[in-house]
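**Q** Below is run.txt; it holds compact mmCIF, C-alpha atoms.
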```txt
# COMPACT_ATOMS: atom_id res chain seq x y z
CA MET R 692 6.54 -20.86 27.24
CA GLN R 693 7.83 -20.02 30.71
CA ASN R 694 4.53 -20.42 32.56
CA ARG R 695 2.97 -23.84 33.03
CA ILE R 696 -0.72 -24.48 33.57
CA LYS R 697 -1.57 -25.73 37.07
CA ASN R 698 -5.24 -26.59 36.66
CA ILE R 699 -6.71 -27.52 33.29
CA PRO R 700 -9.95 -25.52 32.81
CA GLU R 701 -13.17 -27.37 32.00
CA LYS R 702 -14.27 -24.79 29.44
CA PRO R 703 -12.09 -24.08 26.42
CA VAL R 704 -10.05 -21.01 25.70
CA VAL R 705 -11.72 -19.61 22.59
CA VAL R 706 -9.39 -18.05 20.04
CA VAL R 707 -11.18 -15.87 17.48
CA GLY R 708 -9.22 -15.60 14.23
CA ALA R 709 -6.93 -18.18 12.62
CA GLY R 710 -4.30 -16.03 11.01
CA TRP R 711 -0.72 -16.73 12.04
CA SER R 712 -1.17 -15.04 15.43
CA GLY R 713 -4.38 -16.93 16.23
CA LEU R 714 -2.92 -20.23 15.07
CA ALA R 715 0.24 -19.60 17.10
CA THR R 716 -1.74 -18.71 20.25
CA ALA R 717 -3.82 -21.86 19.87
CA CYS R 718 -0.68 -23.99 19.42
CA TYR R 719 1.04 -22.54 22.50
CA LEU R 720 -2.05 -23.16 24.64
CA ALA R 721 -2.71 -26.62 23.23
CA SER R 722 0.91 -27.60 23.92
CA GLN R 723 -0.03 -27.45 27.63
CA ASN R 724 -3.14 -29.59 27.09
CA ILE R 725 -5.40 -26.58 27.60
CA PRO R 726 -8.68 -27.15 25.72
CA VAL R 727 -8.82 -24.76 22.77
CA THR R 728 -11.55 -23.82 20.34
CA LEU R 729 -10.27 -21.89 17.32
CA ILE R 730 -12.84 -20.03 15.22
CA GLU R 731 -12.18 -18.61 11.74
CA SER R 732 -14.69 -16.94 9.44
CA ALA R 733 -12.77 -17.72 6.24
CA LYS R 734 -12.64 -21.05 4.46
CA GLN R 735 -8.84 -21.18 4.77
CA LEU R 736 -6.61 -20.74 7.80
CA GLY R 737 -3.61 -18.43 7.68
CA GLY R 738 -4.99 -14.90 7.35
CA ARG R 739 -2.91 -12.80 4.95
CA ALA R 740 -0.16 -15.44 4.68
CA ARG R 741 -1.90 -18.42 3.17
CA LYS R 742 -2.30 -20.39 -0.03
CA SER R 743 -4.57 -18.72 -2.56
CA THR R 744 -6.08 -20.78 -5.37
CA SER R 745 -7.38 -19.23 -8.55
CA ARG R 746 -9.20 -21.24 -11.18
CA THR R 747 -5.95 -21.96 -12.98
CA GLN R 748 -3.07 -21.55 -10.53
CA VAL R 749 -2.09 -22.17 -6.89
CA LEU R 750 -0.42 -19.02 -5.53
CA ASP R 751 0.40 -17.51 -2.18
CA ASN R 752 -1.82 -14.71 -0.97
CA GLY R 753 1.15 -12.39 -1.36
CA GLN R 754 4.88 -13.09 -1.54
CA HIS R 755 6.53 -13.32 1.89
CA LEU R 756 10.19 -13.51 2.86
CA MET R 757 11.43 -14.63 6.26
CA ILE R 758 14.91 -14.25 7.75
CA GLY R 759 17.05 -16.10 10.25
CA ALA R 760 16.27 -13.47 12.91
CA TYR R 761 12.71 -14.85 13.08
CA SER R 762 13.68 -16.87 16.15
CA GLU R 763 10.22 -17.27 17.67
CA MET R 764 8.78 -18.44 14.36
CA LEU R 765 11.47 -21.11 14.04
CA ALA R 766 10.99 -22.18 17.67
CA LEU R 767 7.23 -22.50 17.13
CA PHE R 768 7.80 -24.59 14.02
CA GLU R 769 9.99 -26.90 16.08
CA LEU R 770 7.26 -27.12 18.74
CA ILE R 771 4.66 -28.33 16.25
CA GLY R 772 7.07 -30.71 14.53
CA THR R 773 7.88 -28.76 11.36
CA LYS R 774 11.49 -29.03 10.23
CA GLU R 775 13.01 -25.87 8.79
CA ASP R 776 14.52 -27.62 5.79
CA GLU R 777 11.12 -29.04 4.86
CA VAL R 778 9.56 -25.62 4.34
CA PHE R 779 12.45 -23.20 3.73
CA VAL R 780 15.57 -22.86 1.65
CA ARG R 781 18.10 -21.03 3.84
CA THR R 782 20.65 -18.93 1.94
CA PRO R 783 23.16 -16.24 3.00
CA GLN R 784 21.87 -12.70 2.59
CA LEU R 785 22.50 -11.59 -0.99
CA LEU R 786 20.91 -8.27 -1.80
CA LYS R 787 21.22 -6.75 -5.23
CA LEU R 788 19.60 -3.40 -5.79
CA PHE R 789 19.34 -1.89 -9.26
CA GLU R 790 18.26 1.47 -10.59
CA GLY R 791 15.36 0.17 -12.65
CA LYS R 792 15.46 2.48 -15.66
CA TYR R 793 19.18 2.46 -16.44
CA LEU R 794 20.12 -0.86 -14.79
CA GLU R 795 22.88 0.69 -12.74
CA THR R 796 23.93 -1.34 -9.70
CA VAL R 797 23.09 0.66 -6.59
CA ILE R 798 24.50 -1.90 -4.17
CA ASP R 799 25.52 -5.55 -4.29
CA LEU R 800 25.83 -6.85 -0.74
CA LYS R 801 26.49 -10.47 0.20
CA LEU R 802 26.75 -11.28 3.89
CA PRO R 803 28.77 -14.42 4.69
CA VAL R 804 27.77 -16.86 7.43
CA LEU R 805 29.84 -15.30 10.20
CA PRO R 806 29.01 -14.01 13.69
CA ALA R 807 28.05 -10.35 14.04
CA PRO R 808 29.62 -7.92 13.33
CA LEU R 809 32.09 -9.83 11.14
CA HIS R 810 29.44 -10.74 8.57
CA LEU R 811 28.60 -7.09 7.92
CA LEU R 812 32.27 -6.07 7.98
CA VAL R 813 33.28 -8.68 5.39
CA GLY R 814 30.15 -8.13 3.35
CA MET R 815 30.65 -4.38 3.20
CA LEU R 816 34.34 -4.64 2.34
CA PHE R 817 33.52 -6.77 -0.70
CA SER R 818 30.28 -5.02 -1.68
CA LYS R 819 29.83 -3.23 -4.98
CA GLY R 820 28.40 0.22 -5.59
CA MET R 821 30.63 2.15 -3.16
CA SER R 822 34.28 3.10 -2.98
CA LEU R 823 36.45 1.58 -0.26
CA LYS R 824 36.44 4.90 1.62
CA GLU R 825 32.65 5.04 1.45
CA ARG R 826 32.35 1.45 2.68
CA ILE R 827 34.57 2.02 5.73
CA HIS R 828 32.88 5.33 6.57
CA THR R 829 29.45 3.74 6.23
CA LEU R 830 30.36 0.84 8.51
CA ILE R 831 31.44 3.22 11.26
CA GLN R 832 28.42 5.51 10.89
CA PHE R 833 25.98 2.59 10.62
CA ASP R 834 27.28 1.15 13.89
CA LYS R 835 26.74 4.52 15.60
CA LEU R 836 23.26 4.72 14.11
CA LEU R 837 22.26 1.33 15.54
CA LYS R 838 23.52 2.37 18.99
CA LYS R 839 21.79 5.75 19.04
CA PRO R 840 19.22 5.71 21.91
CA LEU R 841 15.65 5.86 20.64
CA THR R 842 12.42 5.70 22.62
CA VAL R 843 8.75 6.20 21.89
CA GLU R 844 9.12 9.73 23.24
CA ASN R 845 12.03 10.82 21.02
CA ASP R 846 11.13 8.67 18.01
CA THR R 847 11.39 10.23 14.57
CA THR R 848 10.98 9.17 10.97
CA VAL R 849 13.50 6.91 9.27
CA SER R 850 14.35 9.62 6.72
CA GLU R 851 15.23 12.12 9.47
CA TRP R 852 17.13 9.43 11.40
CA LEU R 853 19.22 8.53 8.35
CA ALA R 854 19.85 12.18 7.42
CA ASP R 855 21.85 12.68 10.62
CA ALA R 856 24.11 9.69 9.95
CA LYS R 857 25.71 10.93 6.71
CA LEU R 858 25.87 7.45 5.19
CA ALA R 859 27.01 6.81 1.62
CA ALA R 860 24.18 7.49 -0.84
CA PRO R 861 24.01 3.88 -2.19
CA PHE R 862 23.69 2.51 1.35
CA VAL R 863 20.90 4.99 2.12
CA LEU R 864 19.04 3.77 -0.96
CA PHE R 865 19.59 0.21 0.24
CA LEU R 866 18.17 1.04 3.70
CA ASP R 867 15.29 2.88 2.06
CA SER R 868 14.36 -0.29 0.14
CA LEU R 869 14.91 -2.44 3.22
CA CYS R 870 12.69 -0.16 5.29
CA ILE R 871 9.69 -0.32 3.00
CA ALA R 872 10.09 -4.09 2.68
CA ALA R 873 10.33 -4.68 6.44
CA MET R 874 7.98 -1.94 7.67
CA ASN R 875 5.54 -1.59 4.75
CA THR R 876 5.75 2.16 5.36
CA HIS R 877 7.67 4.81 3.41
CA ILE R 878 10.79 6.19 5.12
CA THR R 879 9.29 9.69 5.28
CA GLU R 880 6.63 8.27 7.64
CA ALA R 881 8.17 5.10 9.11
CA SER R 882 9.28 4.87 12.75
CA ALA R 883 13.04 5.04 13.28
CA LEU R 884 12.63 3.18 16.59
CA ASN R 885 11.00 0.20 14.92
CA PHE R 886 13.48 0.17 12.06
CA GLN R 887 16.43 0.37 14.45
CA ASN R 888 15.04 -2.64 16.35
CA VAL R 889 14.69 -4.58 13.10
CA LEU R 890 18.23 -3.75 12.02
CA ASN R 891 19.71 -4.62 15.41
CA GLN R 892 17.93 -7.97 15.59
CA THR R 893 19.04 -8.72 12.04
CA PHE R 894 22.59 -7.36 11.75
CA ASN R 895 23.58 -7.66 15.43
CA GLY R 896 21.74 -10.89 16.13
CA PRO R 897 23.13 -14.43 16.52
CA LYS R 898 24.89 -16.17 13.66
CA GLY R 899 22.50 -16.80 10.80
CA SER R 900 20.17 -13.90 11.66
CA THR R 901 20.71 -12.26 8.28
CA ASP R 902 20.10 -15.47 6.34
CA LEU R 903 17.17 -15.48 3.94
CA LEU R 904 14.48 -18.10 4.57
CA ILE R 905 12.77 -18.58 1.23
CA PRO R 906 9.59 -20.68 1.31
CA ALA R 907 10.10 -23.97 -0.55
CA VAL R 908 6.38 -24.80 -0.39
CA ASN R 909 3.25 -22.70 -0.57
CA LEU R 910 2.49 -20.60 2.51
CA GLY R 911 -0.36 -22.88 3.51
CA ASN R 912 2.14 -25.69 3.94
CA VAL R 913 4.66 -23.48 5.72
CA PHE R 914 2.50 -22.98 8.83
CA PRO R 915 -1.34 -23.07 8.57
CA THR R 916 -1.58 -26.74 7.52
CA PRO R 917 1.08 -28.04 9.98
CA ALA R 918 -0.59 -25.96 12.73
CA ARG R 919 -3.99 -27.47 11.91
CA LEU R 920 -2.52 -30.97 12.07
CA TYR R 921 -0.79 -30.23 15.38
CA LEU R 922 -3.96 -28.80 16.90
CA GLY R 923 -5.86 -31.88 15.76
CA LYS R 924 -3.38 -34.12 17.57
CA GLN R 925 -3.84 -31.99 20.70
CA GLN R 926 -7.64 -32.45 20.49
CA ALA R 927 -8.25 -28.76 19.82
CA THR R 928 -11.50 -27.84 18.06
CA ILE R 929 -11.30 -25.81 14.83
CA LEU R 930 -14.49 -24.21 13.55
CA ASN R 931 -14.36 -22.74 10.04
CA PRO R 932 -15.89 -21.09 8.20
CA VAL R 933 -17.83 -19.86 11.22
CA LYS R 934 -18.48 -16.20 11.97
CA VAL R 935 -18.36 -14.81 15.51
CA THR R 936 -21.18 -12.28 15.88
CA HIS R 937 -20.45 -10.88 19.35
CA LEU R 938 -19.15 -11.60 22.84
CA GLN R 939 -21.45 -12.01 25.84
CA GLU R 940 -20.10 -10.31 28.96
CA GLY R 941 -21.16 -10.60 32.58
CA GLY R 942 -19.56 -9.37 35.79
CA GLY R 943 -16.41 -8.19 34.07
CA TYR R 944 -15.84 -11.48 32.26
CA ILE R 945 -16.63 -12.85 28.82
CA LYS R 946 -19.05 -15.71 29.43
CA LYS R 947 -19.86 -16.84 25.90
CA VAL R 948 -18.66 -16.39 22.36
CA MET R 949 -21.71 -16.07 20.10
CA THR R 950 -21.43 -17.35 16.53
CA ASP R 951 -23.88 -17.65 13.67
CA GLU R 952 -24.11 -21.39 14.43
CA GLN R 953 -23.75 -21.86 18.19
CA ASN R 954 -22.92 -20.20 21.49
CA ILE R 955 -19.69 -21.32 23.12
CA GLU R 956 -18.93 -21.01 26.83
CA ALA R 957 -15.33 -19.99 27.44
CA SER R 958 -12.81 -19.96 30.29
CA ALA R 959 -10.97 -17.19 28.44
CA VAL R 960 -11.18 -15.51 25.04
CA VAL R 961 -8.42 -14.33 22.68
CA LEU R 962 -9.23 -11.90 19.89
CA ALA R 963 -6.61 -12.67 17.23
CA THR R 964 -8.38 -10.57 14.64
CA PRO R 965 -7.15 -7.55 12.65
CA SER R 966 -7.20 -4.40 14.78
CA HIS R 967 -10.21 -2.85 13.01
CA ILE R 968 -12.20 -6.07 13.55
CA THR R 969 -11.07 -6.26 17.17
CA THR R 970 -12.47 -2.78 17.72
CA GLN R 971 -15.89 -3.92 16.50
CA PHE R 972 -15.94 -6.69 19.12
CA LEU R 973 -14.80 -4.35 21.91
CA LYS R 974 -17.00 -1.29 21.32
CA PRO R 975 -20.08 -2.68 23.13
CA PHE R 976 -18.09 -2.72 26.38
CA GLU R 977 -17.73 0.61 28.19
CA SER R 978 -14.59 -0.56 29.99
CA CYS R 979 -12.85 -0.88 26.60
CA ASN R 980 -13.59 2.67 25.42
CA GLU R 981 -10.02 3.88 25.88
CA LEU R 982 -8.60 0.78 24.20
CA CYS R 983 -10.95 1.28 21.25
CA HIS R 984 -9.89 4.91 21.01
CA HIS R 985 -6.26 3.84 20.59
CA LEU R 986 -7.13 1.19 18.01
CA ASP R 987 -9.17 3.73 16.05
CA GLN R 988 -6.02 5.85 15.58
CA PHE R 989 -4.33 3.25 13.39
CA ARG R 990 -3.94 3.82 9.69
CA TYR R 991 -3.26 0.99 7.30
CA GLU R 992 -0.89 0.16 4.47
CA PRO R 993 -1.46 -2.12 1.47
CA ILE R 994 0.77 -4.76 -0.08
CA THR R 995 0.38 -5.68 -3.73
CA THR R 996 1.88 -8.80 -5.30
CA VAL R 997 1.96 -9.22 -9.07
CA TYR R 998 2.59 -12.75 -10.34
CA LEU R 999 3.81 -13.23 -13.90
CA ARG R 1000 4.14 -16.70 -15.41
CA TYR R 1001 6.94 -17.07 -17.96
CA ASN R 1002 8.46 -20.11 -19.62
CA ALA R 1003 10.00 -22.53 -17.13
CA ASP R 1004 13.54 -21.71 -18.29
CA CYS R 1005 13.17 -18.01 -17.38
CA GLN R 1006 14.86 -17.30 -14.07
CA ILE R 1007 16.65 -14.46 -12.33
CA PRO R 1008 20.33 -14.98 -11.44
CA GLU R 1009 19.54 -14.72 -7.71
CA ASN R 1010 16.49 -15.69 -5.69
CA MET R 1011 15.50 -12.04 -5.34
CA VAL R 1012 16.57 -8.60 -6.55
CA GLY R 1013 15.45 -5.08 -5.70
CA LEU R 1014 14.61 -2.13 -7.94
CA ILE R 1015 14.36 1.60 -7.30
CA ASN R 1016 12.71 4.34 -9.37
CA THR R 1017 10.22 1.79 -10.67
CA THR R 1018 6.80 0.55 -9.66
CA SER R 1019 8.38 -2.85 -8.96
CA GLN R 1020 10.26 -3.01 -5.66
CA TRP R 1021 11.33 -6.60 -4.99
CA ILE R 1022 11.39 -9.42 -7.53
CA PHE R 1023 11.27 -13.05 -6.42
CA ASP R 1024 11.90 -16.18 -8.44
CA ARG R 1025 9.48 -18.89 -7.30
CA ARG R 1026 11.39 -21.78 -8.77
CA LEU R 1027 12.41 -22.68 -5.22
CA CYS R 1028 8.71 -23.00 -4.42
CA GLU R 1029 8.31 -25.62 -7.14
CA GLN R 1030 7.00 -23.02 -9.60
CA PRO R 1031 9.70 -22.56 -12.29
CA GLY R 1032 8.99 -19.58 -14.52
CA MET R 1033 6.74 -17.90 -11.96
CA ILE R 1034 7.98 -14.46 -10.94
CA ALA R 1035 6.50 -12.54 -8.00
CA VAL R 1036 6.87 -8.77 -7.80
CA VAL R 1037 6.10 -7.10 -4.47
CA ILE R 1038 4.99 -3.48 -4.12
CA SER R 1039 4.80 -2.41 -0.49
CA SER R 1040 2.76 0.47 0.92
CA LYS R 1041 0.69 3.01 -0.98
CA GLY R 1042 1.48 4.66 -4.30
CA PRO R 1043 0.11 5.38 -7.78
CA HIS R 1044 -0.25 1.65 -8.43
CA MET R 1045 -3.23 1.57 -6.07
CA ASP R 1046 -5.24 3.61 -8.59
CA MET R 1047 -4.43 1.29 -11.51
CA ASP R 1048 -6.58 -1.62 -12.55
CA ASN R 1049 -4.98 -5.05 -12.48
CA LYS R 1050 -4.44 -5.26 -16.23
CA ASP R 1051 -2.63 -1.90 -16.48
CA LEU R 1052 -0.50 -2.68 -13.43
CA SER R 1053 0.50 -6.06 -14.87
CA VAL R 1054 1.59 -4.41 -18.12
CA ILE R 1055 3.75 -1.87 -16.26
CA ILE R 1056 5.43 -4.60 -14.23
CA ARG R 1057 5.94 -6.73 -17.34
CA ASN R 1058 7.62 -3.83 -19.12
CA GLU R 1059 9.91 -3.12 -16.16
CA LEU R 1060 11.00 -6.77 -16.09
CA ALA R 1061 11.60 -6.63 -19.85
CA VAL R 1062 14.20 -3.90 -19.27
CA LEU R 1063 15.93 -6.02 -16.62
CA PHE R 1064 15.64 -9.29 -18.55
CA PRO R 1065 15.45 -8.39 -22.26
CA ASP R 1066 15.81 -12.01 -23.41
CA TRP R 1067 12.64 -13.15 -21.73
CA PRO R 1068 9.50 -13.67 -23.84
CA LYS R 1069 6.22 -12.09 -22.80
CA PRO R 1070 4.55 -13.80 -19.84
CA ASN R 1071 1.68 -16.10 -20.70
CA ALA R 1072 -0.41 -15.24 -17.64
CA SER R 1073 -0.57 -12.74 -14.77
CA TRP R 1074 -2.35 -12.37 -11.44
CA VAL R 1075 -2.59 -9.40 -9.06
CA ILE R 1076 -3.26 -9.92 -5.35
CA ARG R 1077 -3.96 -6.83 -3.27
CA GLU R 1078 -4.12 -6.69 0.51
CA LYS R 1079 -5.51 -3.20 1.15
CA ARG R 1080 -5.14 -3.47 4.93
CA ALA R 1081 -2.05 -5.65 5.04
CA THR R 1082 -0.47 -3.92 8.07
CA ILE R 1083 -0.87 -0.91 10.27
CA SER R 1084 1.21 2.12 9.26
CA CYS R 1085 4.39 1.73 11.28
CA THR R 1086 4.87 5.37 12.31
CA PRO R 1087 6.10 7.15 15.46
CA GLU R 1088 2.49 8.17 16.11
CA SER R 1089 1.10 4.65 15.80
CA ASN R 1090 3.60 3.41 18.41
CA LYS R 1091 1.88 5.62 20.98
CA HIS R 1092 -1.37 3.74 20.43
CA ARG R 1093 -0.23 0.12 20.19
CA PRO R 1094 -1.66 -1.81 23.15
CA GLY R 1095 -0.46 -4.94 24.89
CA CYS R 1096 -2.36 -8.21 24.97
CA VAL R 1097 -4.23 -7.61 28.26
CA THR R 1098 -7.61 -5.84 28.14
CA PRO R 1099 -9.80 -4.24 30.85
CA ILE R 1100 -11.99 -7.37 30.77
CA ASN R 1101 -10.49 -10.00 33.06
CA ASN R 1102 -10.51 -13.03 30.75
CA LEU R 1103 -10.28 -11.26 27.38
CA PHE R 1104 -6.92 -11.01 25.64
CA LEU R 1105 -5.53 -9.78 22.32
CA ALA R 1106 -3.09 -11.32 19.86
CA GLY R 1107 -1.84 -9.84 16.61
CA ASP R 1108 1.00 -8.15 14.78
CA TYR R 1109 -0.22 -4.66 15.76
CA LEU R 1110 0.44 -5.17 19.49
CA VAL R 1111 3.50 -4.34 21.56
CA THR R 1112 4.64 -6.91 24.11
CA ASN R 1113 7.76 -7.05 26.27
CA ASN R 1114 8.34 -3.40 25.27
CA GLU R 1115 9.49 -4.51 21.80
CA TYR R 1116 8.45 -2.03 19.11
CA LEU R 1117 8.60 -3.99 15.89
CA PRO R 1118 6.81 -3.68 12.55
CA ALA R 1119 3.75 -5.79 11.80
CA THR R 1120 5.43 -8.93 10.46
CA LEU R 1121 4.73 -12.66 10.81
CA GLU R 1122 7.49 -12.86 13.43
CA THR R 1123 5.85 -10.06 15.41
CA ALA R 1124 2.50 -11.86 15.17
CA ILE R 1125 4.06 -15.00 16.65
CA ARG R 1126 5.96 -13.14 19.38
CA ASN R 1127 2.79 -11.43 20.47
CA ALA R 1128 0.89 -14.73 20.31
CA LYS R 1129 3.40 -16.28 22.70
CA ALA R 1130 3.10 -13.33 25.09
CA CYS R 1131 -0.69 -13.58 24.88
CA ALA R 1132 -0.64 -17.30 25.67
CA GLU R 1133 1.57 -16.55 28.69
CA GLU R 1134 -1.01 -14.06 29.97
CA VAL R 1135 -3.84 -16.53 29.44
CA VAL R 1136 -1.97 -19.15 31.49
CA ASN R 1137 -1.32 -16.54 34.23
CA TYR R 1138 -5.04 -15.82 34.34
CA LEU R 1139 -6.06 -19.49 34.41
CA ASN R 1140 -3.57 -20.16 37.23
CA GLN R 1141 -5.14 -17.54 39.51
```
Take the structure in the file and write it out as structure tokens.

**A**
Amino acid sequence: MQNRIKNIPEKPVVVVGAGWSGLATACYLASQNIPVTLIESAKQLGGRARKSTSRTQVLDNGQHLMIGAYSEMLALFELIGTKEDEVFVRTPQLLKLFEGKYLETVIDLKLPVLPAPLHLLVGMLFSKGMSLKERIHTLIQFDKLLKKPLTVENDTTVSEWLADAKLAAPFVLFLDSLCIAAMNTHITEASALNFQNVLNQTFNGPKGSTDLLIPAVNLGNVFPTPARLYLGKQQATILNPVKVTHLQEGGGYIKKVMTDEQNIEASAVVLATPSHITTQFLKPFESCNELCHHLDQFRYEPITTVYLRYNADCQIPENMVGLINTTSQWIFDRRLCEQPGMIAVVISSKGPHMDMDNKDLSVIIRNELAVLFPDWPKPNASWVIREKRATISCTPESNKHRPGCVTPINNLFLAGDYLVTNNEYLPATLETAIRNAKACAEEVVNYLNQ
């Protein structure tokens, strides 16, 4: 953090919500010895990226993939004493995309560990699925596409943005799959501005930005548990499961945070809750009417993860592969997460699968994997985890309503993946949650230093 606290407040900064953004905000503040009270209504910390335990199996509450471009996440991990190689396996970007019904290779792209733009140049020249002429043409057009000026005012959908570029068809299918994975929004609705920012930070970022960071431990041990331990060392208070009922305001300031167990006086308050929950806390305050109006405009997208447990010797040739024209979108092998034989299939955004029950959906996914891996036996168990409000819909319209972390109430701030800070329009990812948490902590320090 750039700003340093000048006078340590007597009352704590209360952070409501212990997902990744709330945990990150608390860690940034605690790193400056600011007293912090973190309140979470759930039994586990981590929000939608946490360990999830069924009666028979420890799973993640959804399969997540990080990349080397997640610079703020990696910096935060370093701050709290987590070493990258303890929680991730870093590999060069290797993306294989298959047509799911006929097993045709759409694209096979491996990006070597080279500085930009050499990694993409070499990767494209040796990629499969396109002729040499198509590869060279696509490289030139893709570079122009990334440099095309986009703003909130002239934003368009990803499908319209790509249509103007005249890229090779296999590469368009690749970007289509990448878009729904990164944005959790279909290309016919997704914001081109946000996707362009993602692609630039990934493909034009520092060396290693395109690397895959595959969790080597469950998500609870990637960040929530190390964050809890760090906050404990910093003498922060963590209250969970404790439900915040409302905020008590007076004279343009939040005086107390009211819970179902106690009332907590606060020097400042951070709402690190999902946007629809944040609105519920803000609606009693007339000064926040406009902010609530913007938050009410958001629409939400689901993420569904289907876990299938096979024999331990069943594994995919790579750590992940993509499919098109199937219900399955991305397939992950969890052997790197100490779960050999466990396969995770991710289905982003909405679709017909949302109307299926878990049993029928598991059968469809199992049958699609049987086409791809005909030698595998039937799985001996399956689990379906659905996050119905996993992210906001990342559309050109939603960008117009995304607020920053400052509110009309002097000592009340927001943190979360739905915000926009430093004029960076990015999709609602874990990296975005942490970036916005850092910006929020900076604003809290600015306020406390007044």

**Q** Find the residue from R:Pro1118, R:Gly943, R:Gly1013, R:Gly759 that sits nearest to Leu1063 in chain R; use only C-alpha atoms when measuring.

**A**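 Closest to Leu1063 in chain R, using only C-alpha atoms: R:Gly1013.
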
**Q** Quick one: of R:Leu986, R:Leu786, R:Ala1124, R:Leu890, who's nearest to Lys838 in chain R, counting all atoms listed in the file?

**A**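 Under the stated criterion, the closest residue is R:Leu890.
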
**Q** Record the distance separating CA of Gly753 in chain R and CA of Ala740 in chain R, expressed in Å with one decimal.

**A**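 For CA of Gly753 in chain R relative to CA of Ala740 in chain R, the distance reads 6.9 Å.
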
**Q** For Met757 in chain R, which residue out of R:Ser1053, R:Thr1123, R:Ser1040, R:Ser818 is the nearest one, using only C-alpha atoms?

**A** R:Thr1123

**Q** Write out as a list in words the residues lying within 8 Å of range 875-884 of chain R, counting all atoms listed in the file and excluding same-chain residues fewer than 6 positions away.

**A**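 Contacts, in chain order: Leu841, Thr842, Val843, Asp846, Thr847, Thr848, Val849, Ser850, Glu851, Trp852, Asp867, Glu992, Pro993, Ile994, Ser1039, Ser1040, Thr1082, Ser1084, Cys1085, Thr1086, Pro1087 and Tyr1116 of chain R.
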
**Q** Pull C-alpha atoms from the residues just selected and write them as a PDB file, in the coordinates of the input.

**A**
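Okay, part.pdb is ready:
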```pdb
ATOM      1  CA  LEU R 841      15.650   5.860  20.640  1.00  0.00           C
ATOM      2  CA  THR R 842      12.420   5.700  22.620  1.00  0.00           C
ATOM      3  CA  VAL R 843       8.750   6.200  21.890  1.00  0.00           C
ATOM      4  CA  ASP R 846      11.130   8.670  18.010  1.00  0.00           C
ATOM      5  CA  THR R 847      11.390  10.230  14.570  1.00  0.00           C
ATOM      6  CA  THR R 848      10.980   9.170  10.970  1.00  0.00           C
ATOM      7  CA  VAL R 849      13.500   6.910   9.270  1.00  0.00           C
ATOM      8  CA  SER R 850      14.350   9.620   6.720  1.00  0.00           C
ATOM      9  CA  GLU R 851      15.230  12.120   9.470  1.00  0.00           C
ATOM     10  CA  TRP R 852      17.130   9.430  11.400  1.00  0.00           C
ATOM     11  CA  ASP R 867      15.290   2.880   2.060  1.00  0.00           C
ATOM     12  CA  GLU R 992      -0.890   0.160   4.470  1.00  0.00           C
ATOM     13  CA  PRO R 993      -1.460  -2.120   1.470  1.00  0.00           C
ATOM     14  CA  ILE R 994       0.770  -4.760  -0.080  1.00  0.00           C
ATOM     15  CA  SER R1039       4.800  -2.410  -0.490  1.00  0.00           C
ATOM     16  CA  SER R1040       2.760   0.470   0.920  1.00  0.00           C
ATOM     17  CA  THR R1082      -0.470  -3.920   8.070  1.00  0.00           C
ATOM     18  CA  SER R1084       1.210   2.120   9.260  1.00  0.00           C
ATOM     19  CA  CYS R1085       4.390   1.730  11.280  1.00  0.00           C
ATOM     20  CA  THR R1086       4.870   5.370  12.310  1.00  0.00           C
ATOM     21  CA  PRO R1087       6.100   7.150  15.460  1.00  0.00           C
ATOM     22  CA  TYR R1116       8.450  -2.030  19.110  1.00  0.00           C
TER      23      TYR R1116
END
```

**Q** Tell me which protein, DNA and RNA residues are within 9 Å of Ser1089 in chain R, counting all atoms listed in the file, leaving out same-chain ones fewer than 6 positions away, and put them as a list in words.

**A** Ser882, His985, Gln988, Phe989, Arg990 and Ile1083 of chain R

**Q** So the first atom is CA of Leu922 in chain R and the second is CA of Gln1030 in chain R; what is the distance between them in Å, to one decimal place?

**A** 29.3 Å

**Q** Just want the 10 Å neighbourhood of Lys839 in chain R, counted on all atoms listed in the file, with same-chain residues fewer than 3 positions away dropped. Output as a list in words.

**A**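 Listed by chain and then number, they are Phe833, Asp834, Lys835, Leu836, Trp852, Leu884 and Gln887 of chain R.
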
**Q** Which of these, R:Ile1007, R:Ala1128, R:Ala760, R:Ile1015, has the shortest distance to Ala1061 in chain R once you count all atoms listed in the file?

**A**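 Checking each of R:Ile1007, R:Ala1128, R:Ala760, R:Ile1015 against Ala1061 in chain R, counting all atoms listed in the file, the winner is R:Ile1007.
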
**Q** Given the choices R:Glu844, R:Asp987, R:Glu777, R:Glu940, which gets closest to Pro917 in chain R if the distance is worked out from only C-alpha atoms?

**A** R:Glu777

**Q** Expressed in Å to a single decimal, how great is the separation between CA of Phe789 in chain R and CA of Ala873 in chain R?

**A**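 Value for the CA of Phe789 in chain R-CA of Ala873 in chain R distance: 18.3 Å.
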
**Q** Nearest to Lys898 in chain R among R:Asp1024, R:Leu811, R:Asp855, R:Glu1122, with distances taken over all atoms listed in the file: which residue is it?

**A** R:Leu811

**Q** Quick one: residues within 8 Å of range 1094-1107 of chain R, all atoms listed in the file, excluding same-chain residues fewer than 4 positions away - as number ranges by chain?

**A** R: 712-713, 716, 943-945, 958-966, 978-979, 982, 985, 1111-1112, 1123-1125, 1127-1128, 1130-1131, 1134-1135, 1138

**Q** Need the shell around Thr773 in chain R: protein/DNA/RNA residues with any atom at most 9 Å away, counting all atoms listed in the file. Skip same-chain ones fewer than 6 positions apart. Format as a PyMOL selection string?

**A** chain R and resi 765+767+913-914+917
